[in-house]
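Trainee: My structure file upload34.cif, mmCIF, C-alpha atoms, is below:
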```cif
data_query
loop_
_atom_site.label_atom_id
_atom_site.label_comp_id
_atom_site.auth_asym_id
_atom_site.auth_seq_id
_atom_site.Cartn_x
_atom_site.Cartn_y
_atom_site.Cartn_z
CA VAL A 1 134.50 148.88 -21.01
CA VAL A 2 134.29 151.46 -23.80
CA LEU A 3 132.85 149.16 -26.48
CA LEU A 4 130.22 147.59 -24.21
CA GLY A 5 129.05 150.95 -22.83
CA VAL A 6 129.50 149.83 -19.22
CA LEU A 7 130.31 153.31 -17.88
CA LYS A 8 127.30 155.45 -17.04
CA ASP A 9 126.96 159.18 -17.54
CA PRO A 10 127.28 160.86 -14.09
CA LYS A 11 124.70 163.48 -15.10
CA ASP A 12 122.19 160.85 -16.25
CA PRO A 13 122.96 157.38 -14.78
CA THR A 14 120.31 155.79 -17.00
CA LYS A 15 122.44 156.47 -20.09
CA PRO A 16 125.95 155.23 -20.94
CA MET A 17 128.84 157.60 -21.54
CA SER A 18 129.60 158.52 -25.14
CA SER A 19 132.55 156.65 -26.63
CA ASP A 20 134.92 159.64 -26.59
CA VAL A 21 134.12 160.52 -22.98
CA ALA A 22 134.42 156.88 -21.89
CA ALA A 23 137.77 156.49 -23.69
CA SER A 24 139.13 159.61 -21.99
CA PHE A 25 137.86 158.34 -18.64
CA VAL A 26 139.56 154.96 -19.09
CA LEU A 27 142.90 156.43 -20.15
CA ASN A 28 142.90 158.89 -17.24
CA HIS A 29 142.48 156.03 -14.77
CA ILE A 30 145.07 153.78 -16.41
CA PHE A 31 147.73 156.47 -16.08
CA SER A 32 146.66 157.78 -12.67
CA HIS A 33 148.90 159.22 -9.98
CA THR A 34 149.07 155.82 -8.27
CA THR A 35 150.55 154.36 -11.47
CA MET A 36 153.14 157.14 -11.53
CA LEU A 37 153.94 156.52 -7.85
CA LEU A 38 154.56 152.85 -8.56
CA LEU A 39 156.75 153.81 -11.54
CA GLY A 40 158.82 155.93 -9.18
CA GLY A 41 159.12 152.98 -6.81
CA TYR A 42 160.42 150.73 -9.58
CA THR A 43 162.95 153.39 -10.57
CA ILE A 44 164.20 153.56 -6.97
CA SER A 45 164.52 149.76 -7.06
CA THR A 46 166.61 149.91 -10.23
CA SER A 47 168.76 152.69 -8.74
CA PHE A 48 169.58 150.67 -5.62
CA SER A 49 170.46 147.52 -7.58
CA ARG A 50 172.59 149.55 -10.01
CA CYS A 51 174.80 150.62 -7.09
CA GLN A 52 174.85 147.09 -5.56
CA LEU A 53 173.63 148.49 -2.26
CA GLU A 54 171.92 145.25 -1.25
CA LEU A 55 175.14 143.25 -1.89
CA ARG A 56 177.31 145.71 0.04
CA PHE A 57 174.95 145.73 3.00
CA ALA A 58 174.61 141.92 3.09
CA SER A 59 178.40 141.54 2.96
CA TRP A 60 178.72 143.95 5.87
CA LEU A 61 176.16 141.89 7.79
CA GLN A 62 178.17 138.73 7.16
CA GLU A 63 181.32 140.39 8.47
CA GLN A 64 179.53 141.55 11.60
CA LEU A 65 177.33 138.52 12.31
CA GLY A 66 179.00 135.63 10.52
CA ASN A 67 179.77 133.92 13.84
CA ARG A 68 176.17 134.27 15.05
CA PRO A 69 174.04 132.42 12.47
CA LEU A 70 170.70 132.85 14.26
CA VAL A 71 171.16 136.61 14.52
CA PHE A 72 172.30 136.60 10.87
CA ILE A 73 168.92 135.12 9.89
CA LEU A 74 167.19 137.99 11.69
CA ALA A 75 169.49 140.52 9.98
CA VAL A 76 168.71 139.08 6.53
CA MET A 77 165.01 139.22 7.38
CA PHE A 78 165.35 142.90 8.25
CA LEU A 79 167.27 143.45 5.02
CA GLY A 80 164.36 141.90 3.10
CA LEU A 81 161.93 143.96 5.17
CA PHE A 82 163.78 147.18 4.39
CA LEU A 83 164.20 146.50 0.67
CA SER A 84 160.56 145.42 0.31
CA MET A 85 159.56 148.65 2.01
CA TRP A 86 161.12 150.87 -0.66
CA ILE A 87 161.31 148.58 -3.68
CA ASN A 88 158.44 146.09 -3.65
CA ASN A 89 157.95 142.62 -2.23
CA HIS A 90 158.31 141.04 -5.67
CA THR A 91 161.73 142.48 -6.49
CA ALA A 92 163.25 142.47 -2.99
CA PRO A 93 163.15 138.66 -2.50
CA ILE A 94 164.90 138.25 -5.86
CA LEU A 95 167.67 140.66 -4.84
CA CYS A 96 168.05 139.08 -1.40
CA THR A 97 168.00 135.55 -2.78
CA THR A 98 170.79 136.55 -5.16
CA VAL A 99 172.74 137.73 -2.12
CA ILE A 100 172.29 134.60 0.01
CA LEU A 101 172.38 132.04 -2.82
CA PRO A 102 176.19 131.56 -2.52
CA ILE A 103 175.68 130.83 1.18
CA VAL A 104 172.93 128.30 0.49
CA LYS A 105 175.05 126.56 -2.18
CA ASP A 106 177.95 126.16 0.26
CA LEU A 107 175.72 124.30 2.71
CA PRO A 108 174.31 120.75 2.50
CA THR A 109 171.00 120.36 0.67
CA ASP A 110 169.28 119.19 3.86
CA SER A 111 170.63 122.07 5.96
CA ARG A 112 168.07 123.37 8.42
CA PHE A 113 169.85 126.73 8.45
CA SER A 114 169.29 127.20 4.69
CA LYS A 115 165.59 126.38 5.05
CA ALA A 116 165.19 128.75 7.99
CA LEU A 117 167.05 131.52 6.13
CA LEU A 118 164.83 131.25 3.05
CA LEU A 119 161.59 130.91 5.02
CA GLY A 120 162.49 133.88 7.21
CA LEU A 121 163.29 135.97 4.15
CA ALA A 122 159.95 135.07 2.56
CA PHE A 123 158.01 136.05 5.69
CA ALA A 124 159.96 139.30 6.11
CA CYS A 125 159.43 140.36 2.48
CA ASN A 126 155.69 139.75 2.87
CA PHE A 127 155.68 142.02 5.92
CA GLY A 128 157.80 144.57 4.05
CA GLY A 129 155.17 144.60 1.32
CA MET A 130 152.81 146.22 3.82
CA MET A 131 155.07 149.07 4.89
CA THR A 132 154.60 151.73 2.18
CA PRO A 133 151.92 152.44 -0.44
CA ILE A 134 154.39 151.47 -3.18
CA SER A 135 155.63 148.23 -1.61
CA SER A 136 153.06 146.01 -3.30
CA LEU A 137 150.23 146.18 -5.78
CA GLN A 138 147.51 145.55 -3.19
CA ASN A 139 148.69 148.61 -1.25
CA VAL A 140 148.34 150.74 -4.37
CA LEU A 141 144.86 149.33 -4.94
CA ALA A 142 143.93 150.00 -1.31
CA VAL A 143 145.04 153.64 -1.53
CA THR A 144 143.14 154.04 -4.81
CA CYS A 145 139.93 152.56 -3.36
CA LEU A 146 140.22 154.76 -0.26
CA GLU A 147 140.70 157.87 -2.40
CA GLN A 148 137.66 156.93 -4.48
CA SER A 149 135.72 156.79 -1.20
CA GLY A 150 136.99 160.23 -0.20
CA ILE A 151 139.53 158.99 2.36
CA GLN A 152 143.09 160.33 2.00
CA VAL A 153 145.97 158.33 3.49
CA SER A 154 149.32 160.10 3.09
CA PHE A 155 152.63 158.33 2.56
CA GLY A 156 153.89 159.43 5.97
CA ARG A 157 150.73 158.41 7.80
CA TRP A 158 150.83 154.98 6.19
CA ILE A 159 154.39 154.21 7.31
CA CYS A 160 153.76 155.57 10.80
CA MET A 161 151.07 152.91 11.21
CA SER A 162 152.84 150.09 9.37
CA ILE A 163 156.44 150.26 10.60
CA PRO A 164 155.83 149.24 14.28
CA PHE A 165 153.45 146.45 13.23
CA CYS A 166 155.77 145.02 10.56
CA ILE A 167 158.90 145.17 12.73
CA LEU A 168 157.11 143.33 15.55
CA SER A 169 155.71 140.78 13.07
CA THR A 170 159.19 140.16 11.64
CA VAL A 171 160.67 139.50 15.08
CA LEU A 172 157.82 137.12 15.94
CA ALA A 173 158.25 135.32 12.60
CA TRP A 174 161.99 134.93 13.33
CA ILE A 175 161.23 133.39 16.73
CA LEU A 176 158.72 131.01 15.13
CA VAL A 177 161.18 129.97 12.40
CA ILE A 178 163.90 129.32 15.00
CA LEU A 179 161.59 127.23 17.18
CA VAL A 180 160.16 125.18 14.32
CA MET A 181 163.22 124.73 12.05
CA LYS A 182 165.92 124.60 14.80
CA PRO A 183 168.71 125.91 12.48
CA THR A 184 171.60 125.05 14.77
CA ASP A 185 173.53 122.94 12.24
CA VAL A 186 175.66 125.91 11.07
CA LYS A 187 178.23 127.58 13.33
CA THR A 188 179.68 130.14 10.88
CA VAL A 189 178.04 131.89 7.88
CA PRO A 190 180.07 131.60 4.63
CA VAL A 191 181.52 134.76 3.10
CA ILE A 192 179.32 136.66 0.57
CA VAL A 193 181.03 137.21 -2.78
CA TYR A 194 180.54 140.35 -4.91
CA GLU A 195 182.64 142.93 -6.78
CA ARG A 196 184.56 144.26 -3.79
CA ASP A 197 187.02 146.16 -5.97
CA ARG A 198 184.27 148.37 -7.34
CA GLN A 199 184.18 151.70 -5.52
CA ILE A 200 181.16 153.95 -5.17
CA GLY A 201 181.84 156.74 -7.68
CA ARG A 202 180.26 160.13 -8.16
CA ARG A 203 177.54 158.70 -10.37
CA ASP A 204 176.60 156.05 -7.80
CA SER A 205 176.68 158.65 -5.03
CA ALA A 206 174.35 160.93 -7.01
CA ILE A 207 171.94 158.04 -7.65
CA ILE A 208 171.89 157.09 -3.96
CA VAL A 209 171.39 160.67 -2.77
CA LEU A 210 168.58 161.39 -5.26
CA SER A 211 166.84 158.10 -4.47
CA LEU A 212 166.94 158.68 -0.72
CA LEU A 213 165.88 162.31 -1.20
CA THR A 214 162.88 161.16 -3.23
CA VAL A 215 161.91 158.70 -0.49
CA VAL A 216 162.08 161.52 2.08
CA LEU A 217 159.97 163.77 -0.17
CA PHE A 218 157.42 160.95 -0.55
CA SER A 219 157.14 160.74 3.23
CA ALA A 220 156.81 164.52 3.66
CA PHE A 221 154.57 165.14 0.65
CA TYR A 222 151.79 166.55 2.83
CA TYR A 223 153.93 169.68 3.25
CA LEU A 224 154.89 169.81 -0.45
CA LYS A 225 151.45 169.45 -1.96
CA GLY A 226 151.23 173.17 -2.63
CA ALA A 227 154.32 172.99 -4.85
CA PHE A 228 153.85 169.68 -6.68
CA GLY A 229 150.08 169.30 -6.54
CA ASP A 230 150.18 165.49 -6.66
CA ILE A 231 152.64 162.86 -5.44
CA GLY A 232 152.61 161.32 -8.92
CA ILE A 233 154.30 164.48 -10.26
CA LEU A 234 157.05 164.11 -7.66
CA ALA A 235 157.60 160.49 -8.74
CA LEU A 236 157.59 161.51 -12.40
CA CYS A 237 160.22 164.21 -11.70
CA PHE A 238 162.50 161.58 -10.17
CA VAL A 239 162.00 159.25 -13.16
CA ALA A 240 162.75 162.11 -15.57
CA VAL A 241 165.96 163.06 -13.72
CA MET A 242 167.22 159.47 -13.50
CA PHE A 243 166.68 158.60 -17.15
CA GLY A 244 166.96 162.08 -18.65
CA THR A 245 170.45 162.67 -17.28
CA GLY A 246 171.68 159.20 -18.26
CA MET A 247 172.26 158.01 -14.68
CA LEU A 248 170.00 155.10 -15.57
CA SER A 249 170.12 153.68 -19.09
CA GLU A 250 167.61 152.68 -21.74
CA VAL A 251 168.15 149.06 -20.72
CA ASP A 252 167.10 149.97 -17.16
CA PHE A 253 164.02 151.72 -18.51
CA ASN A 254 163.00 148.71 -20.61
CA SER A 255 163.53 146.36 -17.64
CA LEU A 256 160.93 148.12 -15.47
CA SER A 257 157.83 146.07 -14.66
CA TRP A 258 155.58 147.69 -17.24
CA HIS A 259 153.19 144.75 -17.12
CA THR A 260 152.57 145.42 -13.43
CA LEU A 261 151.98 149.12 -14.09
CA PHE A 262 149.34 148.29 -16.68
CA LEU A 263 147.87 145.70 -14.31
CA VAL A 264 147.47 148.48 -11.75
CA GLY A 265 145.89 150.73 -14.40
CA GLY A 266 143.56 147.93 -15.46
CA GLY A 267 142.59 147.35 -11.83
CA ASN A 268 141.73 151.05 -11.47
CA VAL A 269 139.52 150.91 -14.56
CA LEU A 270 137.94 147.64 -13.43
CA GLY A 271 137.02 149.16 -10.08
CA LYS A 272 135.48 152.24 -11.68
CA ALA A 273 133.61 150.09 -14.21
CA ILE A 274 132.14 147.91 -11.45
CA GLU A 275 131.06 151.02 -9.56
CA SER A 276 129.67 152.92 -12.56
CA SER A 277 127.74 149.96 -13.96
CA GLY A 278 125.90 149.37 -10.69
CA LEU A 279 127.42 145.90 -10.20
CA LEU A 280 129.28 147.11 -7.12
CA GLY A 281 125.99 148.05 -5.48
CA TYR A 282 124.43 144.64 -6.14
CA LEU A 283 127.48 142.77 -4.86
CA SER A 284 127.83 144.97 -1.79
CA ASP A 285 124.18 144.52 -0.89
CA GLY A 286 124.46 140.75 -1.26
CA ILE A 287 127.56 140.52 0.89
CA THR A 288 126.23 142.98 3.48
CA ARG A 289 123.10 140.89 4.02
CA GLY A 290 125.28 137.92 4.97
CA LEU A 291 127.40 139.81 7.51
CA PRO A 292 126.68 139.99 11.26
CA LEU A 293 126.37 143.78 11.17
CA ALA A 294 125.01 143.92 14.71
CA ASN A 295 128.55 143.25 15.90
CA PRO A 296 131.08 145.36 13.92
CA TRP A 297 134.10 143.44 15.25
CA LEU A 298 132.58 140.09 14.30
CA ALA A 299 131.74 141.48 10.85
CA LEU A 300 135.34 142.65 10.45
CA LEU A 301 136.60 139.21 11.51
CA VAL A 302 134.38 137.53 8.90
CA ILE A 303 135.57 139.90 6.15
CA LEU A 304 139.26 139.42 7.05
CA SER A 305 138.89 135.64 7.30
CA PHE A 306 137.17 135.47 3.92
CA THR A 307 139.84 137.68 2.34
CA ALA A 308 142.68 135.63 3.86
CA THR A 309 141.09 132.39 2.63
CA VAL A 310 140.69 133.68 -0.93
CA ALA A 311 144.24 135.10 -1.00
CA THR A 312 145.66 131.80 0.28
CA PHE A 313 144.45 129.80 -2.70
CA ILE A 314 144.93 132.44 -5.40
CA SER A 315 147.47 135.22 -5.87
CA HIS A 316 147.08 138.00 -3.30
CA THR A 317 147.30 140.45 -6.19
CA VAL A 318 144.38 138.80 -7.96
CA ALA A 319 142.48 138.63 -4.68
CA ALA A 320 143.02 142.37 -4.15
CA LEU A 321 141.87 143.16 -7.69
CA ILE A 322 138.65 141.19 -7.11
CA LEU A 323 137.84 142.14 -3.51
CA MET A 324 139.10 145.72 -3.12
CA PRO A 325 136.33 147.32 -5.21
CA LEU A 326 133.77 145.58 -3.01
#
```
Once more with this new file: its structure as structure tokens, please.

Mentor:
Amino acid sequence: VVLLGVLKDPKDPTKPMSSDVAASFVLNHIFSHTTMLLLGGYTISTSFSRCQLELRFASWLQEQLGNRPLVFILAVMFLGLFLSMWINNHTAPILCTTVILPIVKDLPTDSRFSKALLLGLAFACNFGGMMTPISSLQNVLAVTCLEQSGIQVSFGRWICMSIPFCILSTVLAWILVILVMKPTDVKTVPVIVYERDRQIGRRDSAIIVLSLLTVVLFSAFYYLKGAFGDIGILALCFVAVMFGTGMLSEVDFNSLSWHTLFLVGGGNVLGKAIESSGLLGYLSDGITRGLPLANPWLALLVILSFTATVATFISHTVAALILMPL
């Protein structure tokens, strides 16, 4: 972007930005507040897994619902939904699969219950990836594109719209999985194994409290904007406290998904480059001419169908990177 002179000078669109101005522009958008928000989300994810919260909760579910396998599937789906909401829908399925893997191994390879459990978890984590702006990369890209268009969607407003929809979708997905897979071959769910002797100490308690407090502050940031200025600063404060005090280690820091953070930053720069170069205008005009604009609902249906088709055959992250700027 910098070397090819793609970015145009806002004061004179006929001329490219100078190299120093373009470089500063690119770096500012790579490390934007959305990148910092996602970094905070990954730190929350690491904090939860450090305290084995997902294992403790799943074990409690097994104790409560072990004699009701169908309801247990729904409970695991809601566990995946909840974890995907605050962590992300890439990490949450890994954590949940680790939890239920001992159960799956204790069952026959052709068990319908195992298949229903894994399918339900996959569906629920996909729904959970819609619930907060930090749940998945495409949400971050959507918020970024909306902000670039002058539309502000707060953390709290997002979850107020997404939570009812995603909960209803999860229940409907559970019903569909039960009807299609018929997982009635298991009468009792096997016991989940984890380090039961390990108690939650002061350090774990502090990590849990700070993580949950940060989530609450994310949701109520509209009222805190005067103090912090940007939600990215709030996320950065949490990261600094977690790693600066030693509650999370250097190993935890190195294990964060840095490649995803830079993918987000690259997507931000790509979107601005497409807009600044004029390519976005050409593409938008071409697509707009093919839409039935006389009927807004039909136009929306065409756009959503096209997006769903593209995301079905390629990664939804790649699809978002390509289509969001348009």

Trainee: Have a look at atom CA of A:Gly40 and atom CA of A:Phe238 and let me know their distance in Å, one decimal.

Mentor: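 Atom CA of A:Phe238 lies 6.8 Å from atom CA of A:Gly40.
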
Trainee: Extending 8 Å beyond the listed atoms of stretch 148-157 of chain A on each side, what axis-aligned box results? I want centre and edge lengths in Å to one decimal, as lines of an AutoDock Vina configuration file.

Mentor:
```
center_x = 144.8
center_y = 158.6
center_z = 1.7
size_x = 34.2
size_y = 19.5
size_z = 28.3
```

Trainee: Mind checking which residues fall within 6 Å of A:Met17, counting only C-alpha atoms, ignoring those fewer than 4 positions away in the same chain, and posting them as an NGL selection string?

Mentor: :A and (7-9 or 22)

Trainee: Would you mind telling me which residue in A:Ser19, A:Ser84, A:Gln64, A:Ser114 lies nearest to A:Thr132 when using only C-alpha atoms?

Mentor: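 Between A:Ser19, A:Ser84, A:Gln64, A:Ser114, the residue approaching A:Thr132 most closely is A:Ser84.
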
Trainee: Taking the file as shown, find all residues satisfying the PyMOL selection byres ((chain A and resi 178) around 12) and write them as a PDB file with C-alpha atoms, in the coordinates of the input.

Mentor:
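expr-v2.pdb was written with the following content:
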```pdb
ATOM      1  CA  PRO A  69     174.040 132.420  12.470  1.00  0.00           C
ATOM      2  CA  LEU A  70     170.700 132.850  14.260  1.00  0.00           C
ATOM      3  CA  VAL A  71     171.160 136.610  14.520  1.00  0.00           C
ATOM      4  CA  PHE A  72     172.300 136.600  10.870  1.00  0.00           C
ATOM      5  CA  ILE A  73     168.920 135.120   9.890  1.00  0.00           C
ATOM      6  CA  LEU A  74     167.190 137.990  11.690  1.00  0.00           C
ATOM      7  CA  ARG A 112     168.070 123.370   8.420  1.00  0.00           C
ATOM      8  CA  PHE A 113     169.850 126.730   8.450  1.00  0.00           C
ATOM      9  CA  SER A 114     169.290 127.200   4.690  1.00  0.00           C
ATOM     10  CA  LYS A 115     165.590 126.380   5.050  1.00  0.00           C
ATOM     11  CA  ALA A 116     165.190 128.750   7.990  1.00  0.00           C
ATOM     12  CA  LEU A 117     167.050 131.520   6.130  1.00  0.00           C
ATOM     13  CA  LEU A 119     161.590 130.910   5.020  1.00  0.00           C
ATOM     14  CA  GLY A 120     162.490 133.880   7.210  1.00  0.00           C
ATOM     15  CA  VAL A 171     160.670 139.500  15.080  1.00  0.00           C
ATOM     16  CA  LEU A 172     157.820 137.120  15.940  1.00  0.00           C
ATOM     17  CA  ALA A 173     158.250 135.320  12.600  1.00  0.00           C
ATOM     18  CA  TRP A 174     161.990 134.930  13.330  1.00  0.00           C
ATOM     19  CA  ILE A 175     161.230 133.390  16.730  1.00  0.00           C
ATOM     20  CA  LEU A 176     158.720 131.010  15.130  1.00  0.00           C
ATOM     21  CA  VAL A 177     161.180 129.970  12.400  1.00  0.00           C
ATOM     22  CA  LEU A 179     161.590 127.230  17.180  1.00  0.00           C
ATOM     23  CA  VAL A 180     160.160 125.180  14.320  1.00  0.00           C
ATOM     24  CA  MET A 181     163.220 124.730  12.050  1.00  0.00           C
ATOM     25  CA  LYS A 182     165.920 124.600  14.800  1.00  0.00           C
ATOM     26  CA  PRO A 183     168.710 125.910  12.480  1.00  0.00           C
ATOM     27  CA  THR A 184     171.600 125.050  14.770  1.00  0.00           C
ATOM     28  CA  ASP A 185     173.530 122.940  12.240  1.00  0.00           C
TER      29      ASP A 185
END
```

Trainee: For A:Trp86, which of A:Val6, A:Leu256, A:Cys125, A:Ala311 is the closest residue, counting all atoms listed in the file?

Mentor: A:Cys125

Trainee: Of the candidates A:Ile208, A:Met131, A:Leu3, A:Ile30, which one gets nearest to A:Leu248 if we count all atoms listed in the file?

Mentor: A:Ile208

Trainee: Return the single residue from A:Asn28, A:Thr35, A:Ser205, A:Ser18 that is closest to A:Thr144, with distances computed using only C-alpha atoms.

Mentor: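 Among the listed residues, A:Thr35 lies closest to A:Thr144.
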
Trainee: Using all atoms listed in the file, can you tell me which of A:Val104, A:Met85, A:Val2, A:Ile287 comes closest to A:Leu118?

Mentor: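 Smallest separation from A:Leu118 among the options: A:Val104.
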
Trainee: Smallest atom-to-atom distance to A:Ser169: which of A:Asn126, A:Ser276, A:Thr307, A:Thr34, using only C-alpha atoms?

Mentor: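 Closest to A:Ser169 of all the choices is A:Asn126.
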
Trainee: Measure the distance from atom CA of A:Gly41 to atom CA of A:Leu53 in Å and round it to one decimal.

Mentor: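 If I compute the distance from atom CA of A:Gly41 to atom CA of A:Leu53, I get 15.9 Å.
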
Trainee: For this file, the PyMOL selection byres ((chain A and resi 61) around 12) selects which residues, as a CSV table (one decimal) with C-alpha atoms, in the frame of the given file?

Mentor:
```
chain,number,residue,atom,x,y,z
A,54,GLU,CA,171.9,145.2,-1.2
A,55,LEU,CA,175.1,143.2,-1.9
A,56,ARG,CA,177.3,145.7,0.0
A,57,PHE,CA,175.0,145.7,3.0
A,58,ALA,CA,174.6,141.9,3.1
A,59,SER,CA,178.4,141.5,3.0
A,60,TRP,CA,178.7,144.0,5.9
A,62,GLN,CA,178.2,138.7,7.2
A,63,GLU,CA,181.3,140.4,8.5
A,64,GLN,CA,179.5,141.6,11.6
A,65,LEU,CA,177.3,138.5,12.3
A,66,GLY,CA,179.0,135.6,10.5
A,67,ASN,CA,179.8,133.9,13.8
A,68,ARG,CA,176.2,134.3,15.0
A,69,PRO,CA,174.0,132.4,12.5
A,71,VAL,CA,171.2,136.6,14.5
A,72,PHE,CA,172.3,136.6,10.9
A,73,ILE,CA,168.9,135.1,9.9
A,74,LEU,CA,167.2,138.0,11.7
A,75,ALA,CA,169.5,140.5,10.0
A,76,VAL,CA,168.7,139.1,6.5
A,77,MET,CA,165.0,139.2,7.4
A,78,PHE,CA,165.4,142.9,8.2
A,79,LEU,CA,167.3,143.4,5.0
A,99,VAL,CA,172.7,137.7,-2.1
A,100,ILE,CA,172.3,134.6,0.0
A,189,VAL,CA,178.0,131.9,7.9
A,190,PRO,CA,180.1,131.6,4.6
A,191,VAL,CA,181.5,134.8,3.1
A,192,ILE,CA,179.3,136.7,0.6
```

Trainee: If you measure from atom CA of A:Gly267 to atom CA of A:Leu141, what distance in Å do you get, rounded to one decimal?

Mentor: 7.5 Å

Trainee: On this structure, which residues satisfy the PyMOL selection byres ((chain A and resi 209-215) around 12), written as number ranges by chain?

Mentor: A: 37, 40-51, 53, 85-87, 132-134, 155-156, 159, 202-208, 216-221, 231-242, 247-248
